[in-house]
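Undergrad: The following block contains the structure, expressed as structure tokens.
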Number of protein chains: 2
Amino acid sequence: MKTRERILQAGLALFNERGEAAVSLAQIAAQLGISEGNLWYHFRTKRDLVAALFAESEARVERNLSRPPSEAGDQLADFAAYATQAFRDIWDYRFLYRRHFHQTVDAALAARLVALTERGHRYNERILEEMVRRRLMRASPAEISELTANAWIISRYWLDYLQERHGVDTLSAPDIEAGVKQIFALYRPYLSEAALAQTAAPQRKRARG
Amino acid sequence: MKTRERILQAGLALFNERGEAAVSLAQIAAQLGISEGNLWYHFRTKRDLVAALFAESEARVERNLSRPPSEAGDQLADFAAYATQAFRDIWDYRFLYRRHFHQTVDAALAARLVALTERGHRYNERILEEMVRRRLMRASPAEISELTANAWIISRYWLDYLQERHGVDTLSAPDIEAGVKQIFALYRPYLSEAALAQTAAPQRKRARG
């Protein structure tokens, strides 16, 4: 692996584990057994490193958002896959989503986060419209907009919630399933009979209650 | 006002405005025009000051949670008042809710936040049970539990969401109303005919969409 990639990987792991504020470039260099000069050759400041990790995260999210909802099948599970991937994408770069970009300090990253958020909303609306089109759901455009804002908040902050409520430090498969389940609790009153029949399949074990 | 209270007030304002990490005790002393020695007499470390502000915030939340739901009337608006107050309580001490308490670093505060979160969940469940009792809502115990987790996440993270999506720095009355509206979107499919009739009253102006 190239030095630049090793720095990105070690920085991500340390930021996720200890929080961005608690980790210096010198510590990352020490962890990798390289000189600070070598690290600085790739990233002059911590902000440069954070910006590079943000770009990686953005690419991951874009990859999930670029799958056309129309390619999903007629099963609810096909749509649940989008939500599951969204949780994973956020979790892998969780330090970024725990930091709050201040408009004044990190104007460029804050603007990109706003753009990504808008894009995510439009995308989720398209998913729900597709579910309506496939008769898996009944909802008006206004309801789709409200559902999307609520689903976004639950997806985006599910990890923070688990951490605050249960002190979770690692995300287990049941934690992700529980998050997807909460999104479906949101959608359930709007699901059609056909969709509800699919959910009557054997229940998965519930994670931390 | 006593010096201790002035320090708490100035500390809260600066932490909220700039973020806790960016503000030193020396800066707070300078802002108040008192010596650092005088400030240290009241708070030896920033952690002491944060703990005192946490206790203030906890007392505010407890005050809201100590109003028995059974005292609410038969109007949906009576129940909306709890959510509105919860938003205000969080907003006034927002720096606390933006910081993430690490189990290892701030074990005592983290434990109190977990306890407050549990208490908030139980309280919201009692509110929804009371709404069911007053025939404003139809929901099973399992649905009440799911609704509560979703309502908690939306209340708790509404401010973060507005900031990330719209770069909001001050919380306006329409922003609070929009948050309450999202909670009601969550509850709407479960509201009884009687409750829905009350919502048919003139719509309030919508905040940022």
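Simple scheme: letters A, B, ... for chains in structure tokens order, numbers from 1 for residues in each chain, numbers from 1 for ligands in the order shown.
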Would you list which chain A residues are within 10 Å of chain B using only C-alpha atoms, as a PyMOL selection string?

TA: chain A and resi 18-19+21+97-103+110-111+113-118+143+145-147+149-158+160-161+163-169+179+181-190+209

Undergrad: Using only C-alpha atoms, determine which residues lie at most 8 Å from range 42-55 of chain B, disregarding the query and same-chain residues fewer than 4 positions distant; provide the list as a ChimeraX atom specification.

TA: /B:4,8,11-12,24-25,38,59,93,96,109

Undergrad: From the DSSP assignment of the backbone, select every residue of range 3-207 of chain B that is alpha helix (DSSP H), and format the answer as number ranges by chain.

TA: B: 3-18, 25-32, 36-42, 46-65, 76-92, 94-98, 107-133, 141-166, 173-187, 193-199

Undergrad: By how many Å are CA of Ile176 in chain A and CA of Glu58 in chain A apart?

TA: 20.3 Å

Undergrad: I need the residue nearest Pro69 in chain B from this list: B:Arg133, B:Arg88, B:Arg126, B:Arg119. Use only C-alpha atoms for the distance.

TA: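 Using only C-alpha atoms, Pro69 in chain B sits closest to B:Arg126.
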
Undergrad: Tell me which protein, DNA and RNA residues are within 8 Å of Gln85 in chain B, counting only C-alpha atoms, leaving out same-chain ones fewer than 4 positions away, and put them as an mmCIF file with N, CA, C and O atoms, in the first residue's frame.

TA:
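Contents of result.cif, freshly written:
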data_model
loop_
_atom_site.group_PDB
_atom_site.id
_atom_site.type_symbol
_atom_site.label_atom_id
_atom_site.label_comp_id
_atom_site.auth_asym_id
_atom_site.auth_seq_id
_atom_site.Cartn_x
_atom_site.Cartn_y
_atom_site.Cartn_z
ATOM 1 N N ASN B 64 -39.217 19.826 33.028
ATOM 2 C CA ASN B 64 -40.195 19.511 31.976
ATOM 3 C C ASN B 64 -40.750 18.099 32.170
ATOM 4 O O ASN B 64 -41.957 17.883 32.075
ATOM 5 N N ALA B 81 -46.977 20.924 23.667
ATOM 6 C CA ALA B 81 -46.225 21.823 24.550
ATOM 7 C C ALA B 81 -45.011 21.121 25.164
ATOM 8 O O ALA B 81 -43.962 21.742 25.348
ATOM 9 N N ASP B 89 -35.170 23.457 25.822
ATOM 10 C CA ASP B 89 -34.211 23.024 26.841
ATOM 11 C C ASP B 89 -32.898 22.588 26.206
ATOM 12 O O ASP B 89 -31.817 22.864 26.726
#

Undergrad: Mind giving me the straight-line distance from CA of Thr148 in chain B to CA of Glu130 in chain A in Å, one decimal?

TA: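 CA of Glu130 in chain A lies 28.0 Å from CA of Thr148 in chain B.
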
Undergrad: Using only C-alpha atoms, which residues sit within 9 Å of Ala194 in chain B once same-chain residues fewer than 5 positions away are excluded, as an NGL selection string?

TA: :B and (135-137)

Undergrad: Could you tell me how far CA of Ser192 in chain A sits from CA of Glu129 in chain B, in Å to one decimal place?

TA: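 The value is 26.6 Å.
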
Undergrad: Need the shell around Gln31 in chain B: protein/DNA/RNA residues with any atom at most 10 Å away, counting only C-alpha atoms. Skip same-chain ones fewer than 3 positions apart. Format as a ChimeraX atom specification?

TA: /B:7,10-11,14,25-28,34
